Amino acid sequence: MTQPRTDTLEQALAQNRFEWWDSLQELGRELKRDKPGLIGVILITSLVLMAVFAPFIAPHDPAAQDLTARLAPPVWYDKGTWNHILGTDHLGRDVLSRTIHGARVSLWVGAAVVLVAGGFGVVMGLMAGYLGGRTDAFIMRWIDTQVAFPGLLLALIILAVIGPSLFTVVVVLALNGWMVYGRMTRSAVLSIRESPYVEAAEVVGCRWPRILFRHILPNLTSPLLTLAILEFARIVLAEAALSFLGLGIQPPATSWGLDVAMGKNYMFMAWWLVTIPGCAIAVTVLAINLVASWLRLISDPQEREKQYARHMAGVMRKNLHAVLEKEKEPEAP
Amino acid sequence: MGRFLYRRLIHGLVVILGVTVIVFVVTRMVGDPVQVMLPLESTPEQRAAFEQKLGLDRPIHIQFVEFMGNMARLDFGESLWQKRPAMDIVFEKLPMTILLTAVGIGFACVMAIPLGIIAALRPGGVVDRVTVFGSLLGLSVPQFWLGLLFIVVFAVQFKILPTSGTGTPSHILLPALTMGLPTLARLVMLVRSSMIDELNRQYVKTSFAKGLPFVRVVGLHALRNAGLPIMTLVGWEVIRSLAGYSVVVETVFAWPGIGLTAIQAIEREDLILIQAIVFTAAVCVVLINIAMDFLYKLIDPRLKLT
Amino acid sequence: MNKWRGLFLAAVWIGIFLTGSAWAACEKVTIALGSEPTTLDPQIREDGGERAVNDNIYDTVLTRTPEGDLIPHLAAQMPELVAPDTWEVTLRPGIFFHNGEPMNADAVVYSIHRVIDPDFNSEQISFFSTIKEARATGELTLHVITNGPDPILPSRLYWLKVVPPVHSKDPKFAEKPVGTGPYRFVAWQRGQYIDLERNENYWGDGPQISSVRYRFIEEPGTRLAGLMAGEFDLITNLLPEFTSHVPRSVNVLGLEHPIIILNADSGITKDLRVRQALNYAVNKMALANGLFEGYAQVAQGQLLSPSFFGYNDEVTAYPYDPDQAKKLIEEAGVKGQTIELIGTSGRWLKDRDMVEAVAGYWEQAGLKVDVRIFEFNEYLNRLFDRKTRADAIFVVSSNELLDADKSFSAYYKAGGVGASNTDQTLASLIDAARSETDEQKRESLYHQAVQRAYDQAYFVWLLNIEDIYGMSQRLEWPGRVDARLLIQEMTCR
């Protein structure tokens, strides 16, 4: 995103709005060029759709037990049936339905934590960066201190004490992860603060909350978005790990990590119980990571230049190679 | 320098104090360790006596003052579960976690640097793409799942490595591999991108032009200049592992380290052992942070320590 | 021709070598336990890991056959009652501790005093709480004096591990145990293993297996992986589903009884018809087969296994009769009302699954069931709450004394920690049995108590769970009802 070099506020805003639509179209074009990114976006979209429409897609209630059909194998085995395409677990619950519903928990926790932690962190970062002085010193000390906490250990203890649930998992993970947004926002604010359009806004007499949220924050969107997506991937893994350890999502709710934990006792006779939710986690996180790395490429002008240079260098090297090979050829016996 | 050390130490103390106070408050909120400790059929009188013995019947502020006093002497009291000094248990388990972390992250470093360099030599080439995709995959696979997979494949199917526990050098291979893989993925990405930057610098090109051998240029100059971010990441990974992320690997492989002990202590509501573990973890994190700052200074003397 | 002979000889030698090494390997077995001992002092903790190891290092005064009958062990004969509160114990001669200390009346007296000393603060005190003192009356005879008559003293002596008077004062005693048992302690690498070796001077039948290594693995899946990978010869608590997948398995009726405590004093369960209906409604056989793959027996309407003292074999389980249940519910006029069922998750094998299955059956009988699964601590708050008893609480009772007294005092007797009735008739039966030294009279009192609780349907008796052990191909062991892992009873094939 280019920085608007206009003197009046209105123009700046108008231009900003215009660029949004433009960049969205640009994004689509970029996506076509970057195959892994495209795959990532498609995967994520389908995961989100799957999560949203889980009750309609899933063939069974994920919590419905059927003790007579325990540990049924997937359909491609002799004993498998179409009724349970991916088999059943030790309580006769349908693995496919559980996996589909598990997407809900993973994505929900990921989104909620990113929103809560991101929101809090950004507000803190904006305040620190913009207000400066004692506020800045205080917030940064706080962040420094909390960063040096043994985070996961504390999270485990807190969860064990207050009782693990969807809500507490979100709170604990958010408490653990807001600092990175705070630091990033603060440093970005410090660099943007001095720019002409912020100064202009100050001259016009905007109050600081307005300046922060209307003028500074929009310029932070793209780095924050990349960070949020990377954090999202981390949170999905963290939720899975907590649930695996028994301190995350509790039954009868479903979660991929929980399913792996329950399935591991049956890992030798029912490999699908561990493999399928495990793959679901891996695919989700991989998709998010693909999108994040693609976003980072396109949102960072330096990276884009490098990418282009690399591409050109590759082409030239190939040509050079071809020339050299040709030169070599006569010498070869 | 003295001022820097002083400030870092003060900050470290604040961190440790903060962590222990949080844990103290949180664990005292646990309904009642007494209930869990005694057999189901115990009488109320037996419970009351046990509570009194632990000093849990006194007002919380008195408990707190005593707790701080004891902590200053590194004495957290006897573990409720193991009935021996909590710090003894911690000192017994900590080396196992350090060993696991060292081997796991060491393995990651040894693998990551050549892999990253090879990938950086031809950005966009086949090797590079495979490396990048492999790294992304490594970052995406949950560790606990990977560990289970390793057990099934290497220990149960091929029977070439033990499933769990410790004892021989072969016992450490699977847990260390599981622990090191995400680190390896992150490191490879970092080495690759910083090497791409360095290799495009003028001095590298000049060095090559002067006819200096490849290993010398890349290994000595480029790598050294890329050293700072790499070291930061490695330090961060070590901190992560000691700050609780070893829990997952240790649980899967029954590795008797501090993480497994932490989970066991949490399950048994052994608040004394929990406090000792968290305190130790916080101290480790603080110490590593300070050590890292000194290392920075060692690598790049121009750096100002504030 | 010569060539063939050479080959043949070689084959024979290789064969001898292979069988020899296989035999030698079987000398050493590895056992995976669920938890590491916290100490190896046999008298201080109530700790399954410690017990599993020390049962082989120490001998008890009495022991049980694999079927559960009490027999003399260090004692030469069963203890005799010489006064209402005094038992005379006569010991076997010529037994020594591993370090050479003699095992005699003084050692037993010392061990008893050690464990009942209030300052020692043993967690095992509930096993010995009735013992007042012990007195040596000769080199090999002693008197054990109880607070009032205590008919189950022999069962208590089955818990008394005899420790060496001199060595047990060593501060390192808890790390270097010395007993009279068939195995002696070799090494303990904390967090990793404990090694024992055969006591070549054992006074009893010498065991076959020469050395044992214990490993500690909390996760059942990881234990199983170790067994499948051939690292372990015996693992405890095998899941029922795996019996057909492991090399070998053995199952024994265990000490654990899942039951549901019904509130007989208030709420809808105050009505006897409702309590009976709740019993009729549950298909216990289906629970045993569905959840435990048949590795559980239907509890016969009592909180006792057939091997326990006090078991009444005339009482049988309430049959599964959903129509009768529906009828009784309607008669009591509580159809469609809500019953609260409290349980916990992950504490006992399939605890949650059982609670949910039972809730399903009760719903079929025409009630609404409010299943409340609490985290263990919160669950205990409910279980121990004496003021407001929940309608129904799921609990798994375990009775290591194999005597009705322990289970009945806790769950049957009014005022017991888990009791939800105020039946004075039942309470007086249990009290009377507690001080009755005549074995037959005592047994008949328990039979009456069993019958009374059954008629009043104070509980829904569910199952008696079997212990399942996974074993390697080469190990042979029949299992024991008291779940003790005695290596001397194991052999190699």
# chains A, B, ... in the order shown; residues from 1 in each chain; ligands from 1
call {"tool": "residues_around", "arguments": {"residues": "Ile22 (chain B)", "least_positions_apart": "5", "cutoff": "12 Å", "atoms": "only C-alpha atoms", "output": "list in words"}}
result
Gln146, Phe149, Pro150, Gly151, Leu153, Leu154, Ala155, Ile157 and Ile158 of chain A; Val15, Ile16, Leu17, Thr27, Arg28, Met29, Phe64, Ile274, Gln275, Val278 and Phe279 of chain B
call {"tool": "interface_residues", "arguments": {"of": "chain B", "to": "chain A", "cutoff": "8 Å", "atoms": "only C-alpha atoms", "output": "JSON, numbers by chain"}}
result
{"B": [11, 14, 15, 16, 19, 23, 26, 27, 29, 30, 122, 123, 124, 125, 136, 137, 139, 140, 141, 142, 144, 145, 148, 152, 240, 242, 243, 244, 245, 248, 262, 266, 267, 278, 281, 282, 285, 286]}
call {"tool": "write_last_selection", "arguments": {"atoms": "C-alpha atoms", "output": "PDB file, in the first residue's frame"}}
result
ATOM      1  CA  HIS B  11      13.930  -7.212  35.291  1.00  0.00           C
ATOM      2  CA  VAL B  14      10.419  -8.941  38.451  1.00  0.00           C
ATOM      3  CA  VAL B  15       9.653 -11.754  36.009  1.00  0.00           C
ATOM      4  CA  ILE B  16      10.372 -14.478  38.534  1.00  0.00           C
ATOM      5  CA  VAL B  19       5.371 -15.767  37.838  1.00  0.00           C
ATOM      6  CA  VAL B  23       1.155 -19.439  40.498  1.00  0.00           C
ATOM      7  CA  VAL B  26      -3.818 -19.599  41.167  1.00  0.00           C
ATOM      8  CA  THR B  27      -2.911 -22.802  42.999  1.00  0.00           C
ATOM      9  CA  MET B  29      -7.653 -21.185  44.270  1.00  0.00           C
ATOM     10  CA  VAL B  30      -7.681 -24.944  43.660  1.00  0.00           C
ATOM     11  CA  ARG B 122      19.289 -21.431  -6.167  1.00  0.00           C
ATOM     12  CA  PRO B 123      16.195 -19.642  -4.950  1.00  0.00           C
ATOM     13  CA  GLY B 124      13.161 -20.864  -6.822  1.00  0.00           C
ATOM     14  CA  GLY B 125      14.927 -24.034  -7.931  1.00  0.00           C
ATOM     15  CA  LEU B 136       6.054 -25.449   5.909  1.00  0.00           C
ATOM     16  CA  LEU B 137       4.943 -29.033   6.391  1.00  0.00           C
ATOM     17  CA  LEU B 139       5.707 -26.307  10.893  1.00  0.00           C
ATOM     18  CA  SER B 140       2.204 -27.573  10.313  1.00  0.00           C
ATOM     19  CA  VAL B 141       2.363 -31.099  11.677  1.00  0.00           C
ATOM     20  CA  PRO B 142       1.410 -31.229  15.350  1.00  0.00           C
ATOM     21  CA  PHE B 144       2.281 -34.968  19.481  1.00  0.00           C
ATOM     22  CA  TRP B 145       0.973 -36.585  16.330  1.00  0.00           C
ATOM     23  CA  LEU B 148       2.936 -41.072  17.817  1.00  0.00           C
ATOM     24  CA  VAL B 152       4.241 -46.696  15.380  1.00  0.00           C
ATOM     25  CA  ARG B 240      10.264 -22.164  24.330  1.00  0.00           C
ATOM     26  CA  LEU B 242      12.120 -24.943  28.738  1.00  0.00           C
ATOM     27  CA  ALA B 243       9.064 -22.734  29.136  1.00  0.00           C
ATOM     28  CA  GLY B 244       6.780 -25.672  28.693  1.00  0.00           C
ATOM     29  CA  TYR B 245       6.763 -26.820  25.100  1.00  0.00           C
ATOM     30  CA  VAL B 248       4.108 -32.522  24.663  1.00  0.00           C
ATOM     31  CA  ALA B 262       4.837 -30.730  35.461  1.00  0.00           C
ATOM     32  CA  ILE B 266      -0.781 -30.755  37.808  1.00  0.00           C
ATOM     33  CA  GLU B 267      -2.793 -33.976  37.616  1.00  0.00           C
ATOM     34  CA  VAL B 278       7.406 -22.913  37.397  1.00  0.00           C
ATOM     35  CA  ALA B 281      11.407 -22.567  34.407  1.00  0.00           C
ATOM     36  CA  ALA B 282      11.174 -18.807  34.958  1.00  0.00           C
ATOM     37  CA  VAL B 285      14.143 -18.309  30.822  1.00  0.00           C
ATOM     38  CA  VAL B 286      15.578 -15.232  32.512  1.00  0.00           C
TER      39      VAL B 286
END
call {"tool": "select_by_dssp", "arguments": {"residues": "region 278-442 of chain C", "states": "strand (DSSP E or B)", "output": "ChimeraX atom specification"}}
result
/C:296-298,309,338-344,368-374,392-398,403
call {"tool": "write_last_selection", "arguments": {"atoms": "N, CA and C atoms", "output": "PDB file, in the first residue's frame"}}
result
ATOM      1  N   ALA C 296     -15.743 -57.930  32.319  1.00  0.00           N
ATOM      2  CA  ALA C 296     -16.340 -57.441  33.555  1.00  0.00           C
ATOM      3  C   ALA C 296     -17.490 -58.371  33.858  1.00  0.00           C
ATOM      4  N   GLN C 297     -17.775 -58.558  35.136  1.00  0.00           N
ATOM      5  CA  GLN C 297     -18.898 -59.401  35.524  1.00  0.00           C
ATOM      6  C   GLN C 297     -19.998 -58.506  36.062  1.00  0.00           C
ATOM      7  N   VAL C 298     -21.229 -58.945  35.925  1.00  0.00           N
ATOM      8  CA  VAL C 298     -22.332 -58.207  36.511  1.00  0.00           C
ATOM      9  C   VAL C 298     -22.237 -58.358  38.026  1.00  0.00           C
ATOM     10  N   PHE C 309     -14.696 -61.502  51.913  1.00  0.00           N
ATOM     11  CA  PHE C 309     -15.397 -62.007  53.091  1.00  0.00           C
ATOM     12  C   PHE C 309     -16.702 -61.246  53.241  1.00  0.00           C
ATOM     13  N   THR C 338     -37.044 -35.198  36.568  1.00  0.00           N
ATOM     14  CA  THR C 338     -35.608 -35.173  36.323  1.00  0.00           C
ATOM     15  C   THR C 338     -34.835 -35.774  37.490  1.00  0.00           C
ATOM     16  N   ILE C 339     -33.862 -36.608  37.157  1.00  0.00           N
ATOM     17  CA  ILE C 339     -32.972 -37.150  38.176  1.00  0.00           C
ATOM     18  C   ILE C 339     -31.553 -36.681  37.854  1.00  0.00           C
ATOM     19  N   GLU C 340     -30.844 -36.275  38.891  1.00  0.00           N
ATOM     20  CA  GLU C 340     -29.492 -35.768  38.690  1.00  0.00           C
ATOM     21  C   GLU C 340     -28.504 -36.918  38.878  1.00  0.00           C
ATOM     22  N   LEU C 341     -27.619 -37.110  37.914  1.00  0.00           N
ATOM     23  CA  LEU C 341     -26.630 -38.183  37.996  1.00  0.00           C
ATOM     24  C   LEU C 341     -25.235 -37.561  37.888  1.00  0.00           C
ATOM     25  N   ILE C 342     -24.439 -37.788  38.936  1.00  0.00           N
ATOM     26  CA  ILE C 342     -23.138 -37.124  38.993  1.00  0.00           C
ATOM     27  C   ILE C 342     -22.017 -38.113  38.714  1.00  0.00           C
ATOM     28  N   GLY C 343     -21.070 -37.699  37.898  1.00  0.00           N
ATOM     29  CA  GLY C 343     -19.943 -38.561  37.587  1.00  0.00           C
ATOM     30  C   GLY C 343     -18.709 -37.737  37.321  1.00  0.00           C
ATOM     31  N   THR C 344     -17.609 -38.429  37.041  1.00  0.00           N
ATOM     32  CA  THR C 344     -16.386 -37.729  36.682  1.00  0.00           C
ATOM     33  C   THR C 344     -15.821 -38.402  35.448  1.00  0.00           C
ATOM     34  N   LYS C 368     -36.190 -38.101  33.078  1.00  0.00           N
ATOM     35  CA  LYS C 368     -35.221 -37.204  32.444  1.00  0.00           C
ATOM     36  C   LYS C 368     -33.961 -37.273  33.282  1.00  0.00           C
ATOM     37  N   VAL C 369     -32.820 -37.437  32.646  1.00  0.00           N
ATOM     38  CA  VAL C 369     -31.595 -37.576  33.423  1.00  0.00           C
ATOM     39  C   VAL C 369     -30.699 -36.365  33.179  1.00  0.00           C
ATOM     40  N   ASP C 370     -30.336 -35.716  34.257  1.00  0.00           N
ATOM     41  CA  ASP C 370     -29.429 -34.575  34.172  1.00  0.00           C
ATOM     42  C   ASP C 370     -28.023 -35.090  34.502  1.00  0.00           C
ATOM     43  N   VAL C 371     -27.276 -35.450  33.461  1.00  0.00           N
ATOM     44  CA  VAL C 371     -25.934 -36.002  33.686  1.00  0.00           C
ATOM     45  C   VAL C 371     -24.976 -34.861  33.940  1.00  0.00           C
ATOM     46  N   ARG C 372     -24.284 -34.924  35.064  1.00  0.00           N
ATOM     47  CA  ARG C 372     -23.331 -33.856  35.351  1.00  0.00           C
ATOM     48  C   ARG C 372     -21.965 -34.470  35.591  1.00  0.00           C
ATOM     49  N   ILE C 373     -21.082 -34.257  34.613  1.00  0.00           N
ATOM     50  CA  ILE C 373     -19.721 -34.786  34.705  1.00  0.00           C
ATOM     51  C   ILE C 373     -18.839 -33.672  35.245  1.00  0.00           C
ATOM     52  N   PHE C 374     -18.255 -33.894  36.395  1.00  0.00           N
ATOM     53  CA  PHE C 374     -17.421 -32.857  36.996  1.00  0.00           C
ATOM     54  C   PHE C 374     -15.953 -33.233  36.899  1.00  0.00           C
ATOM     55  N   ALA C 392     -28.166 -39.159  42.542  1.00  0.00           N
ATOM     56  CA  ALA C 392     -27.411 -40.351  42.167  1.00  0.00           C
ATOM     57  C   ALA C 392     -25.970 -39.964  41.893  1.00  0.00           C
ATOM     58  N   ILE C 393     -25.053 -40.695  42.494  1.00  0.00           N
ATOM     59  CA  ILE C 393     -23.626 -40.409  42.295  1.00  0.00           C
ATOM     60  C   ILE C 393     -22.932 -41.685  41.844  1.00  0.00           C
ATOM     61  N   PHE C 394     -22.196 -41.569  40.764  1.00  0.00           N
ATOM     62  CA  PHE C 394     -21.436 -42.710  40.270  1.00  0.00           C
ATOM     63  C   PHE C 394     -20.086 -42.742  40.987  1.00  0.00           C
ATOM     64  N   VAL C 395     -19.683 -43.928  41.440  1.00  0.00           N
ATOM     65  CA  VAL C 395     -18.370 -44.028  42.075  1.00  0.00           C
ATOM     66  C   VAL C 395     -17.819 -45.421  41.805  1.00  0.00           C
ATOM     67  N   VAL C 396     -16.492 -45.537  41.809  1.00  0.00           N
ATOM     68  CA  VAL C 396     -15.883 -46.857  41.686  1.00  0.00           C
ATOM     69  C   VAL C 396     -15.202 -47.163  43.008  1.00  0.00           C
ATOM     70  N   SER C 397     -15.677 -48.202  43.678  1.00  0.00           N
ATOM     71  CA  SER C 397     -15.113 -48.567  44.967  1.00  0.00           C
ATOM     72  C   SER C 397     -14.081 -49.661  44.759  1.00  0.00           C
ATOM     73  N   SER C 398     -12.986 -49.535  45.512  1.00  0.00           N
ATOM     74  CA  SER C 398     -11.942 -50.545  45.403  1.00  0.00           C
ATOM     75  C   SER C 398     -11.626 -51.018  46.817  1.00  0.00           C
ATOM     76  N   ASP C 403     -12.507 -57.587  52.351  1.00  0.00           N
ATOM     77  CA  ASP C 403     -13.405 -57.850  53.460  1.00  0.00           C
ATOM     78  C   ASP C 403     -14.508 -56.799  53.413  1.00  0.00           C
TER      79      ASP C 403
END
call {"tool": "interface_residues", "arguments": {"of": "chain B", "to": "chain C", "cutoff": "6 Å", "atoms": "only C-alpha atoms", "output": "count of residues only"}}
result
6
call {"tool": "residues_around", "arguments": {"residues": "Gly248 (chain A)", "least_positions_apart": "4", "cutoff": "7 Å", "atoms": "only C-alpha atoms", "output": "number ranges by chain"}}
result
A: 164-165, 169, 239, 242-243
call {"tool": "residues_around", "arguments": {"residues": "Ile192 (chain A)", "least_positions_apart": "2", "cutoff": "10 Å", "atoms": "only C-alpha atoms", "output": "PyMOL selection string"}}
result
chain A and resi 3+129-130+186-190+194-199+215-217+219-220
call {"tool": "closest_residue", "arguments": {"among": "C:Ala32, C:Phe173, C:Glu466, C:Ile57", "to": "Ser164 (chain B)", "atoms": "only C-alpha atoms"}}
result
C:Ala32
call {"tool": "residues_around", "arguments": {"residues": "Val249 (chain B)", "least_positions_apart": "5", "cutoff": "8 Å", "atoms": "only C-alpha atoms", "output": "PyMOL selection string"}}
result
chain B and resi 143-144+147+175+178-179+255
call {"tool": "write_last_selection", "arguments": {"atoms": "N, CA and C atoms", "output": "mmCIF file, in the first residue's frame"}}
result
data_model
loop_
_atom_site.group_PDB
_atom_site.id
_atom_site.type_symbol
_atom_site.label_atom_id
_atom_site.label_comp_id
_atom_site.auth_asym_id
_atom_site.auth_seq_id
_atom_site.Cartn_x
_atom_site.Cartn_y
_atom_site.Cartn_z
ATOM 1 N N GLN B 143 3.192 -31.709 16.879
ATOM 2 C CA GLN B 143 4.288 -32.507 17.425
ATOM 3 C C GLN B 143 3.818 -33.817 18.043
ATOM 4 N N PHE B 144 2.710 -33.751 18.785
ATOM 5 C CA PHE B 144 2.281 -34.968 19.481
ATOM 6 C C PHE B 144 1.922 -36.052 18.486
ATOM 7 N N GLY B 147 5.076 -37.536 16.961
ATOM 8 C CA GLY B 147 5.690 -38.459 17.906
ATOM 9 C C GLY B 147 5.003 -39.821 17.869
ATOM 10 N N PRO B 175 12.410 -38.958 20.527
ATOM 11 C CA PRO B 175 11.955 -37.707 21.141
ATOM 12 C C PRO B 175 12.708 -36.487 20.629
ATOM 13 N N THR B 178 11.475 -35.568 17.198
ATOM 14 C CA THR B 178 10.155 -34.941 17.293
ATOM 15 C C THR B 178 10.275 -33.512 17.791
ATOM 16 N N MET B 179 11.140 -33.350 18.775
ATOM 17 C CA MET B 179 11.312 -32.024 19.351
ATOM 18 C C MET B 179 11.970 -31.081 18.347
ATOM 19 N N TRP B 255 9.264 -39.359 28.568
ATOM 20 C CA TRP B 255 10.616 -38.890 28.842
ATOM 21 C C TRP B 255 10.615 -38.198 30.214
#
call {"tool": "closest_residue", "arguments": {"among": "C:Met354, C:Ala419, C:Val460, C:Met490", "to": "chain A", "atoms": "only C-alpha atoms"}}
result
C:Met354
call {"tool": "closest_residue", "arguments": {"among": "A:Ala63, A:Val315, A:Ala137, A:Ala111", "to": "Val95 (chain A)", "atoms": "only C-alpha atoms"}}
result
A:Ala63
call {"tool": "residues_around", "arguments": {"residues": "region 443-445 of chain C", "least_positions_apart": "5", "cutoff": "8 Å", "atoms": "only C-alpha atoms", "output": "ChimeraX atom specification"}}
result
/C:309-310,429-430,432-433
call {"tool": "write_last_selection", "arguments": {"atoms": "C-alpha atoms", "output": "CSV table (one decimal), in the first residue's frame"}}
result
chain,number,residue,atom,x,y,z
C,309,PHE,CA,-15.4,-62.0,53.1
C,310,GLY,CA,-19.1,-61.3,53.5
C,429,LEU,CA,-25.6,-54.7,61.4
C,430,ILE,CA,-22.3,-53.3,60.1
C,432,ALA,CA,-22.1,-55.5,65.1
C,433,ALA,CA,-20.1,-57.3,62.4
call {"tool": "residues_around", "arguments": {"residues": "Gln276 (chain C)", "least_positions_apart": "5", "cutoff": "9 Å", "atoms": "only C-alpha atoms", "output": "list in words"}}
result
Asp271, Ala281, Tyr318, Ala325, Leu328, Asp455, Gln456, Ala457, Tyr458, Phe459 and Val460 of chain C
call {"tool": "write_last_selection", "arguments": {"atoms": "C-alpha atoms", "output": "compact mmCIF listing (two decimals), in the first residue's frame"}}
result
# COMPACT_ATOMS: atom_id res chain seq x y z
CA ASP C 271 -39.26 -43.78 46.97
CA ALA C 281 -33.74 -50.29 34.03
CA TYR C 318 -31.62 -57.14 39.73
CA ALA C 325 -38.84 -50.32 35.55
CA LEU C 328 -42.54 -48.84 38.93
CA ASP C 455 -34.05 -55.05 49.33
CA GLN C 456 -33.92 -51.32 49.93
CA ALA C 457 -32.05 -50.78 46.63
CA TYR C 458 -29.76 -48.17 48.13
CA PHE C 459 -27.48 -48.49 45.12
CA VAL C 460 -27.51 -49.46 41.51
call {"tool": "decode", "arguments": {"residues": "region 95-124 of chain C", "atoms": "C-alpha atoms", "output": "JSON list (two decimals), in the first residue's frame"}}
result
[["chain", "number", "residue", "atom", "x", "y", "z"],
["C", 95, "ILE", "CA", 14.29, -66.43, 57.93],
["C", 96, "PHE", "CA", 16.75, -63.61, 57.33],
["C", 97, "PHE", "CA", 16.60, -60.23, 55.68],
["C", 98, "HIS", "CA", 18.71, -59.66, 52.58],
["C", 99, "ASN", "CA", 21.29, -57.89, 54.70],
["C", 100, "GLY", "CA", 21.52, -60.72, 57.22],
["C", 101, "GLU", "CA", 19.32, -59.30, 59.96],
["C", 102, "PRO", "CA", 17.12, -62.03, 61.46],
["C", 103, "MET", "CA", 13.38, -61.96, 60.88],
["C", 104, "ASN", "CA", 11.86, -62.69, 64.27],
["C", 105, "ALA", "CA", 9.15, -61.55, 66.66],
["C", 106, "ASP", "CA", 11.07, -58.38, 67.43],
["C", 107, "ALA", "CA", 11.19, -57.43, 63.78],
["C", 108, "VAL", "CA", 7.43, -57.92, 63.39],
["C", 109, "VAL", "CA", 6.69, -55.98, 66.58],
["C", 110, "TYR", "CA", 9.02, -53.24, 65.36],
["C", 111, "SER", "CA", 7.27, -53.13, 61.97],
["C", 112, "ILE", "CA", 3.84, -52.87, 63.57],
["C", 113, "HIS", "CA", 4.90, -50.10, 65.91],
["C", 114, "ARG", "CA", 6.61, -48.30, 63.09],
["C", 115, "VAL", "CA", 3.55, -48.16, 60.89],
["C", 116, "ILE", "CA", 1.07, -47.20, 63.65],
["C", 117, "ASP", "CA", 3.29, -44.51, 65.15],
["C", 118, "PRO", "CA", 1.33, -41.24, 64.75],
["C", 119, "ASP", "CA", 4.58, -39.33, 64.20],
["C", 120, "PHE", "CA", 5.47, -41.63, 61.33],
["C", 121, "ASN", "CA", 2.22, -40.51, 59.71],
["C", 122, "SER", "CA", 1.80, -43.47, 57.42],
["C", 123, "GLU", "CA", -0.81, -43.25, 54.69],
["C", 124, "GLN", "CA", -1.44, -46.94, 55.22]]
